[in-house]
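Peer 1: The structure is given below, and queries will be raised subsequently.
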Amino acid sequence: MTRGLPLLWSVVSLLGLLGLWWVLALGADPRVFPAPPAVLEALLREAASGDLARHLGATLARVAAAFVLALTIGSAIGIALGMNHGLDRLFDPWVVLFLNLPALVVIVLAYVWFGLNEVAAIGAVAVNKIPNVVVTLREGARALDRSYAELARVYRFSFASRMRDVVLPQLQPFFAAASRSGIALIWKIVLVVELLGRSNGVGFQIHLHFQLFDVATILAYALAFVAVMLLVETLLLRPYDRYATRWRAPHA
Amino acid sequence: MTRGLPLLWSVVSLLGLLGLWWVLALGADPRVFPAPPAVLEALLREAASGDLARHLGATLARVAAAFVLALTIGSAIGIALGMNHGLDRLFDPWVVLFLNLPALVVIVLAYVWFGLNEVAAIGAVAVNKIPNVVVTLREGARALDRSYAELARVYRFSFASRMRDVVLPQLQPFFAAASRSGIALIWKIVLVVELLGRSNGVGFQIHLHFQLFDVATILAYALAFVAVMLLVETLLLRPYDRYATRWRAPHA
Amino acid sequence: ALEPVRVGVLKFGTVNWELDAMKNAGFDHAAGVDVEIVPFAGEDASNVALQAGTVDVIVSDWLWVSRLRADGADFTFVPYSSSVGAIMVPQGSALRTLADLRGRKLGVAGGPLDKSWLLIQGLARRDHGLDLAAENDVVYGAAPLLAEKARQGELEAVLNFWHHNARLEANGFRTLVGAEDAAAALGASGPVSALGYVFSEKWAQARPLAARGFVQASRATKALLSSSDAEWERLAPLVRADGAELLALRDRYRDGIPARPAAEDEADAARLHAVLAELGGEKLVGRSPVMAPGTYWPGLADGF
Amino acid sequence: MLEVDIASKTYPAVGGPPLLAIEGLRFSVPDGTFACLVGPSGCGKTTCLRILLGLERDFDGRTVLPGGNPRIGVAFQEPRLLPWRTVEENVRLALPKAMRARPLHDLFARLGLDGFENFYPGALSLGLARRAALARAFAVEPGLLLLDEPFVSLDEATAQDLRALLLDVWQARPTTALMVTHNLREAAQLADRIIVLSQRPGQVRGEHLIAVDRTRRTPEAVNAICAEVSARFPGLL
Amino acid sequence: MLEVDIASKTYPAVGGPPLLAIEGLRFSVPDGTFACLVGPSGCGKTTCLRILLGLERDFDGRTVLPGGNPRIGVAFQEPRLLPWRTVEENVRLALPKAMRARPLHDLFARLGLDGFENFYPGALSLGLARRAALARAFAVEPGLLLLDEPFVSLDEATAQDLRALLLDVWQARPTTALMVTHNLREAAQLADRIIVLSQRPGQVRGEHLIAVDRTRRTPEAVNAICAEVSARFPGLL
Ligand SMILES: Nc1ncnc2c1ncn2[C@@H]1O[C@H](COP(=O)(O)OP(=O)(O)OP(=O)(O)O)[C@@H](O)[C@H]1O
Ligand SMILES: Nc1ncnc2c1ncn2[C@@H]1O[C@H](COP(=O)(O)OP(=O)(O)OP(=O)(O)O)[C@@H](O)[C@H]1O
Ligand SMILES: [Mg+2]
Ligand SMILES: [Mg+2]
């Protein structure tokens with residue numbers, strides 16, 4: 001498999017999706033289900049006015065900050081709970097509680113307590129996402145192969161080496177799952193956060209255009225974010241996956 | 001470990017959480033951060049009027065239906081993509097797209113196209129959740145131990161047996177992660193769905209009371225759902241986990 | 001037989017008060033219609049419901065109607081209330097006029113394209129050369145959250161919807177400037193309706209008795225609500241207010257009952273539309289620079 | 001006839017030049033006979049079995065299995081039991097549908113597995129796990145047996161019992177067997193022919209046919225065969 | 001002095017009665033000597049090593065390691081390499097900080113691992129993997145060697161080389177060694193004492209001290225020792 005091929009596949013696949021969309025849109029009310037050109041037009045309009053870059057930038061910054069926070073804190077807690085049965089028994093109800101607290105509640109409380117500012121916004125998003133990371137990594141840590149832990153014990157690996165060389169490589173699939181669905185979930189919560197109390201960002205824009213029932217512009221913003229995520233997937237996540245799993249036998 | 005003990009731990013843990021909440025609430029504005037008695041009062045009031053049961057019932061029914069849909073469809077797709085590199089290359093962009101489509105967009109489009117009915121609501125929730133299940137199970141399927149697949153091939157396991165006896169047991173941690181964070185995510189989306197187009201459900205109630213800034217009632221509804229999830233966790237998920245992982249060496 | 005009419009409303013919204021009073025007094029049956037109240041938790045939900053055909057009537061504003069008509073929809077509008085938003089400050093605040101707002105932390109419910117917000121901005125620019133949006137720390141957000149933040153004192157002033165303002169008023173706030181003042185200053189000859197019942201023209205044509213009957217029942221109800229204090233006492237649990245709050249809500253509601261012939265209202269609305277088109281641009285008003293013809297329901301030729 | 005004709009088999013290596021595991025490996029095993037494959041560690045024996053099992057498709061050459069598509073009983077080099085299934089389930093899962101219900105106690109008893117039927121593999125010693133894997137290979141009534149060092153990690157007494165069992169299974173029905181071993185005595189005791197491989201890339205150094213009837217392979221006879229093979233292939237022992 | 005005194009070790013079994021693996025296992029190995037543990041499959045040998053390694057804490061009895069807390073070189077019964085680290089990384093990770101940078105080519109070369117340093121374990125044959133595990137055990141300059149059947153899956157020539165290497169490592173510094181094997185010849189060739197275990201629950205059937213100097217253990221001498229041991233412990237071979 002050459003490095004160029006996957007990109008080609010992605011392009012083919014996206015073109016297929018575009019075609020499907022266009023065909024479906026042909027028969028539909030353009031107000032409700034606009035065809036690609038209408039959305040492109042909206043996209044170009046927003047891009048030209050500078051709005052797109054500004055709002056997308058704001059959202060991406062929030063997503064990135066909340067992602068880093070949620071992934072580090074969440075995986076530390078998740079791994080600790082997964083590896084320590086006693087801790088897990090004690091804190092499992094807390095995890096369930098925070099997992100199922102509605103985003104709205106957390107966001108509103110964060111705004112009310114910490115003010116309408118970025119810290120509250122990003123903190124609220126992280127609090128929403130952390131329990132998700134916890135349960136994913138916890139399952140991973142529960143399923144760790146004990147024979148490698150024994151090896152590390154016998155050969156007196158340091159704590160750092162135990163994590164870096166023994167635990168984390170086994171958790172790779174769980175990290176991959178948590179980070180992919182993590183970015184997506186965080187972005188969805190950021191939309192709510194922006195809707196409730198921020199003055200910029202894609203969520204703010206989407207809601208604005210939702211009030212005007214301007215579906216084309218809503219889709220333009222949504223797809224702009226999706227495009228960024230496709231780039232992240234292609235340029236960061238996929239190559240990292242390949243690197244992290246290079247030791248697995250290559251695909252037959 | 002006797003069967004009764006974990007329950008005891010849960011109770012201790014929840015009491016600790018309750019105490020923490022109470023202490024924190026002592027110094028706060030009760031409108032904004034009500035203490036447990038205020039929330040209990042709201043809970044009893046809603047329960048007495050029958051609202052709680054009705055709305056909670058409606059929400060649980062939606063959560064259950066969407067969960068079953070999303071988990072079956074999502075894991076079928078996820079396993080297929082994880083096991084088939086070619087398919088994955090082709091459909092990865094689609095997954096990224098659907099993963100990152102804002103819930104709002106999907107919900108509004110579903111309502112507008114299919115009407116404001118249960119089918120549209122549950123379908124929209126499932127569409128939101130499916131990509132999450134896909135990415136989690138896909139990672140699991142990618143990490144499948146190939147030696148067992150070879151065994152199944154050599155001994156000519158049927159397709160059903162290959163799934164039941166070889167693939168699914170290896171995916172157990174991924175199912176556990178997907179179902180726990182799955183229920184939570186679905187419930188959060190159901191809240192949005194109910195906000196945007198249903199006339200009952202916990203999400204409907206929470207938003208109503210948000211309009212009035214009645215935090216105690218909001219918390220009452222949120223915690224009622226959390227309580228149900230704690231029961232589900234204790235009575236269904238945990239015992240199932242224990243059953244599914246009984247072959248792993250018991251905890252040292 | 002009675003004509004069924006499904007109305008999508010906010011469960012605790014002001015429209016629901018009116019409909020509840022209507023059903024309670026039997027005005028709908030008297031007018032030959034059977035009103036079914038379909039409660040929703042958010043404003044957006046009723047918009048979606050109307051578009052999806054799940055309800056026949058919702059409450060929205062003429063700007064929205066005009067914009068959608070320009071895009072090819074056939075919604076139309078019957079005035080319901082002229083109550084609009086206002087900028088509120090605490091009683092003890094040093095802020096007295098619009099000009100004092102410069103450089104303040106200001107909360108705005110309804111987003112940057114809210115009609116009240118645009119009108120007040122227009123006024124500030126005209127009278128004080130002040131660009132409110134640019135020269136203040138503006139926080140857009142959810143109305144209940146902003147009301148709470150104003151109470152907490154994090155915001156120095158808040159532009160909110162009238163029913164939130166009425167509650168604030170009862171809790172020691174006063175109006176700094178109302179959107180109706182701005183509208184008047186910008187050329188309206190009287191109180192312009194802000195919200196109205198919105199339905200599809202097609203529906204009204206197919207079911208003329210339903211549309212007219214509903215409008216009639218609404219008027220009868222308004223008459224009752226403007227005269228009877230007892231009816232407000234009855235509504236208190238639905239309004240979720242008592243004491244001063246209830247009185248403030250009652251009075252503001254009564255202030256907002258449209259009292260002018262619809263034609264005058266429409267003329268003023270068209271004038272404001274032009275002003276808004278200038279202030280908000282195409283983003284706000286959509287394709288049509290003038291208010292789309294038929295925005296006000298032509299079937300309303302009689303009466304007001 | 002089991003026929004192996006592998007012109008070459010290379011493995012792509014991560015971050016290095018590809019590795020040539022086998023080059024020009026050619027041998028055959030007549031139907032119903034027992035062959036042993038002997039050769040230095042890393043010379044491609046397991047690779048050869050994997051190719052026969054259809055698990056490696058990317059190679060130059062061709063293979064023919066006896067009877068076209070025989071049922072194969074296989075013992076991988078490691079036990080390879082499904083950890084989430086009990087010993088008995090592991091064996092039954094490998095059985096064709098029609099044989100699923102057959103009684104297995106006798107087999108388990110002969111393998112010293114009685115009492116362990118309901119154990120999960122994680123609770124077995126390595127020797128017990130190997131025996132479970134052998135139970136699976138024997139239970140399917142195979143037309144072809146491919147065994148990769150089946151008797152390591154077993155004490156000599158147990159191993160000797162199991163060799164006898166292997167011969168019983170092999171003789172019960174017309175079965176072709178190919179077994180990898182590093183134990184020349186074992187090969188001398190069981191096989192009709194010993195195929196000796198070279199260092200990697202593996203090819204056949206030579207074959208040694210054993211004429212002595214199996215029933216007459218006393219320890220002395222086995223010693224003699226071993227001496228003969230060692231003399232013919234210096235460095236083997 | 002390595003001292004083992006295990007009154008009993010039971011494993012809880014999933015859905016069955018607990019399994020008594022060891023009962024009254026008592027033996028000791030003087031500092032700097034080499035002992036072999038021999039016994040039937042499933043008798044508790046691996047369990048005994050696991051207890052010594054501190055991996056099983058739930059047992060009745062006590063153990064003493066030579067020098068209190070020696071650095072241990074261990075070869076588990078399976079290679080147990082980290083699949084996501086190369087051969088060389090696997091070895092280096094086990095080294096104490098101070099030794100991390102030491103050159104390893106000579107060791108790899110003697111183990112026949114040269115050229116495989118950058119391979120991931122998944123690309124090794126089982127014999128190569130075992131050698132990598134041995135490289136790890138030897139590289140740490142252990143004060144105590146615990147080896148669980150280290151030389152299976154190796155051809156006899158390679159195994160013989162490695163046994164010589166093992167003796168070199170053991171002699172280079174004062175090291176106590178305990179090795180599990182099913183190969184009596186191997187034991188006779190390497191050990192100062194052979195400890196023979198009973199069927200499960202494992203206990204000591206007897207010990208056989210070997211007086212012959214290691215340098216004078218010719219094949220004939222080894223044969224003689226084996227014969228002696230077999231005679232003393234019938235059924236062992
Ligand atoms: N997946 C793989 N990728 C790369 N190289 C491999 C792979 N599998 C095996 N090899 C290499 O191929 C060669 C032959 O391996 P094979 O497992 O067939 O040896 P073997 O004869 O069975 O050895 P042993 O007696 O040690 O089991 C070895 O050098 C091994 O490192
Ligand atoms: N985790 C476990 N749970 C339950 N039983 C176990 C467990 N580990 C080992 N056993 C049992 O304990 C007994 C001794 O096992 P052990 O691995 O010590 O045997 P061994 O002497 O090393 O055998 P072999 O030579 O086959 O490796 C066996 O019957 C085995 O089934
Ligand atoms: Mg091999
Ligand atoms: Mg063992």
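In the structure tokens, each chain is lettered A, B, ... as it comes, each chain's residues begin at 1, and ligands are numbered from 1 in order of appearance.
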Give me, as an NGL selection string, the set of residues whose atoms come within 7 Å of any atom of ligand 2, counting only C-alpha atoms and all ligand atoms.
Peer 2: (:B and (249)) or (:D and (122-128 or 153-155)) or (:E and (11-13 or 19 or 21 or 39-48 or 200))
Peer 1: Those residues with C-alpha atoms, as a PDB file, in the first residue's frame please?
Peer 2:
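Listing of again-v4.pdb after writing:
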```
ATOM      1  CA  ALA B 249      -8.399 -14.799  36.039  1.00  0.00           C
TER       2      ALA B 249
ATOM      3  CA  GLY D 122      -6.128 -19.626  31.627  1.00  0.00           C
ATOM      4  CA  ALA D 123      -6.297 -22.079  34.511  1.00  0.00           C
ATOM      5  CA  LEU D 124      -4.334 -24.812  32.747  1.00  0.00           C
ATOM      6  CA  SER D 125      -0.653 -25.536  32.969  1.00  0.00           C
ATOM      7  CA  LEU D 126       1.063 -25.301  29.599  1.00  0.00           C
ATOM      8  CA  GLY D 127       1.260 -29.075  29.364  1.00  0.00           C
ATOM      9  CA  LEU D 128      -2.454 -29.423  30.038  1.00  0.00           C
ATOM     10  CA  SER D 153       6.293 -29.149  27.659  1.00  0.00           C
ATOM     11  CA  LEU D 154       5.248 -32.637  28.610  1.00  0.00           C
ATOM     12  CA  ASP D 155       7.098 -35.000  30.883  1.00  0.00           C
TER      13      ASP D 155
ATOM     14  CA  TYR E  11      -6.272 -21.989  42.981  1.00  0.00           C
ATOM     15  CA  PRO E  12      -9.892 -20.905  43.077  1.00  0.00           C
ATOM     16  CA  ALA E  13     -11.522 -22.489  40.059  1.00  0.00           C
ATOM     17  CA  LEU E  19      -7.702 -26.875  42.872  1.00  0.00           C
ATOM     18  CA  ALA E  21      -1.761 -27.335  43.098  1.00  0.00           C
ATOM     19  CA  GLY E  39       8.144 -33.520  37.476  1.00  0.00           C
ATOM     20  CA  PRO E  40       4.987 -34.527  35.642  1.00  0.00           C
ATOM     21  CA  SER E  41       3.062 -32.001  33.627  1.00  0.00           C
ATOM     22  CA  GLY E  42       0.620 -30.055  35.811  1.00  0.00           C
ATOM     23  CA  CYS E  43       2.321 -30.898  39.104  1.00  0.00           C
ATOM     24  CA  GLY E  44       2.937 -27.291  40.100  1.00  0.00           C
ATOM     25  CA  LYS E  45       6.399 -26.413  38.780  1.00  0.00           C
ATOM     26  CA  THR E  46       5.353 -23.192  37.146  1.00  0.00           C
ATOM     27  CA  THR E  47       3.299 -22.373  40.207  1.00  0.00           C
ATOM     28  CA  CYS E  48       6.393 -22.788  42.348  1.00  0.00           C
ATOM     29  CA  ARG E 200      -0.140 -32.929  41.684  1.00  0.00           C
TER      30      ARG E 200
END
```
Peer 1: Please determine the contact residues of chain C with respect to chain A at a cut-off of 7 Å, counting only C-alpha atoms, and supply them as a list in words.
Peer 2: Asp44, Trp64, Gly111, Val139, Tyr140, Gly141, Ala142 and Lys149 of chain C
Peer 1: When DSSP works through the backbone of this structure, what residues of stretch 4-234 of chain D end up as strand (DSSP E or B), shown as a VMD selection string?
Peer 2: chain D and resid 4 to 11 19 to 29 34 to 38 60 to 64 72 to 75 144 to 148 176 to 180 193 to 197 202 204 to 209
Peer 1: Using DSSP on the backbone, list every residue of stretch 10-138 of chain E that comes out as helix (DSSP H, G or I), and give them as a compact mmCIF listing (two decimals) with N, CA and C atoms, in the first residue's frame.
Peer 2:
```txt
# COMPACT_ATOMS: atom_id res chain seq x y z
N LYS E 45 5.07 -26.99 38.94
CA LYS E 45 6.40 -26.41 38.78
C LYS E 45 6.32 -24.92 38.48
N THR E 46 5.50 -24.60 37.49
CA THR E 46 5.35 -23.19 37.15
C THR E 46 4.80 -22.41 38.33
N THR E 47 3.86 -23.03 39.02
CA THR E 47 3.30 -22.37 40.21
C THR E 47 4.39 -22.05 41.21
N CYS E 48 5.30 -23.00 41.40
CA CYS E 48 6.39 -22.79 42.35
C CYS E 48 7.25 -21.60 41.92
N LEU E 49 7.59 -21.53 40.65
CA LEU E 49 8.38 -20.40 40.17
C LEU E 49 7.62 -19.09 40.34
N ARG E 50 6.33 -19.13 40.08
CA ARG E 50 5.53 -17.90 40.20
C ARG E 50 5.51 -17.41 41.65
N ILE E 51 5.47 -18.35 42.56
CA ILE E 51 5.51 -17.95 43.98
C ILE E 51 6.85 -17.31 44.29
N LEU E 52 7.93 -17.91 43.77
CA LEU E 52 9.25 -17.34 44.02
C LEU E 52 9.37 -15.93 43.42
N VAL E 87 12.88 -6.70 19.34
CA VAL E 87 13.67 -7.64 20.13
C VAL E 87 14.65 -6.88 21.02
N GLU E 88 15.39 -5.96 20.42
CA GLU E 88 16.38 -5.24 21.21
C GLU E 88 15.73 -4.40 22.30
N GLU E 89 14.63 -3.72 21.96
CA GLU E 89 13.93 -2.92 22.97
C GLU E 89 13.44 -3.80 24.11
N ASN E 90 12.92 -4.97 23.76
CA ASN E 90 12.45 -5.88 24.79
C ASN E 90 13.57 -6.21 25.77
N VAL E 91 14.76 -6.43 25.26
CA VAL E 91 15.86 -6.77 26.15
C VAL E 91 16.29 -5.54 26.96
N ARG E 92 16.43 -4.41 26.29
CA ARG E 92 16.93 -3.23 27.00
C ARG E 92 15.97 -2.75 28.08
N LEU E 93 14.67 -2.88 27.80
CA LEU E 93 13.70 -2.41 28.80
C LEU E 93 13.85 -3.13 30.13
N LYS E 97 18.52 0.79 34.92
CA LYS E 97 18.92 2.06 34.32
C LYS E 97 20.42 2.12 33.98
N ALA E 98 21.24 1.74 34.97
CA ALA E 98 22.68 1.91 34.83
C ALA E 98 23.24 1.07 33.67
N MET E 99 22.55 -0.01 33.32
CA MET E 99 23.09 -0.90 32.30
C MET E 99 22.46 -0.68 30.93
N HIS E 105 25.49 -6.74 21.09
CA HIS E 105 25.68 -7.57 19.87
C HIS E 105 26.22 -8.94 20.19
N ASP E 106 27.18 -9.00 21.10
CA ASP E 106 27.79 -10.30 21.36
C ASP E 106 26.77 -11.30 21.86
N LEU E 107 25.94 -10.82 22.79
CA LEU E 107 24.90 -11.70 23.32
C LEU E 107 23.96 -12.15 22.21
N PHE E 108 23.49 -11.17 21.41
CA PHE E 108 22.58 -11.52 20.32
C PHE E 108 23.24 -12.50 19.36
N ALA E 109 24.50 -12.25 19.08
CA ALA E 109 25.19 -13.12 18.13
C ALA E 109 25.25 -14.56 18.69
N ARG E 110 25.58 -14.68 19.95
CA ARG E 110 25.69 -16.03 20.51
C ARG E 110 24.35 -16.73 20.53
N PRO E 121 8.30 -9.07 17.85
CA PRO E 121 8.16 -10.48 18.21
C PRO E 121 7.21 -11.26 17.31
N GLY E 122 6.18 -10.59 16.78
CA GLY E 122 5.23 -11.27 15.92
C GLY E 122 5.88 -11.85 14.67
N ALA E 123 7.05 -11.36 14.30
CA ALA E 123 7.72 -11.83 13.09
C ALA E 123 8.82 -12.85 13.41
N LEU E 126 8.94 -19.36 16.87
CA LEU E 126 8.87 -19.58 18.31
C LEU E 126 10.26 -19.76 18.91
N GLY E 127 11.11 -20.48 18.19
CA GLY E 127 12.46 -20.70 18.70
C GLY E 127 13.23 -19.40 18.83
N LEU E 128 13.07 -18.51 17.86
CA LEU E 128 13.74 -17.21 17.94
C LEU E 128 13.20 -16.41 19.11
N ALA E 129 11.89 -16.48 19.31
CA ALA E 129 11.29 -15.73 20.40
C ALA E 129 11.83 -16.21 21.75
N ARG E 130 11.94 -17.53 21.87
CA ARG E 130 12.49 -18.07 23.12
C ARG E 130 13.91 -17.57 23.34
N ARG E 131 14.66 -17.50 22.28
CA ARG E 131 16.03 -17.03 22.43
C ARG E 131 16.05 -15.57 22.85
N ALA E 132 15.12 -14.79 22.30
CA ALA E 132 15.05 -13.38 22.71
C ALA E 132 14.74 -13.29 24.20
N ALA E 133 13.82 -14.16 24.67
CA ALA E 133 13.48 -14.14 26.09
C ALA E 133 14.70 -14.54 26.92
N LEU E 134 15.49 -15.47 26.41
CA LEU E 134 16.70 -15.86 27.13
C LEU E 134 17.71 -14.70 27.14
N ALA E 135 17.80 -14.02 26.01
CA ALA E 135 18.71 -12.87 25.95
C ALA E 135 18.36 -11.88 27.06
N ARG E 136 17.08 -11.67 27.24
CA ARG E 136 16.63 -10.75 28.27
C ARG E 136 17.03 -11.25 29.66
N ALA E 137 16.80 -12.53 29.89
CA ALA E 137 17.12 -13.07 31.21
C ALA E 137 18.62 -12.99 31.48
N PHE E 138 19.43 -13.23 30.46
CA PHE E 138 20.88 -13.24 30.65
C PHE E 138 21.44 -11.82 30.76
```
Peer 1: For chain A, work out the contacting residues on chain D at 10 Å, counting only C-alpha atoms, and write them as an NGL selection string.
Peer 2: :D and (12-15 or 55-58)
Peer 1: Measure the distance from atom CA of C:Leu119 to atom CA of C:His164 in Å and round it to one decimal.
Peer 2: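 Computed distance, atom CA of C:Leu119 to atom CA of C:His164, equals 18.9 Å.
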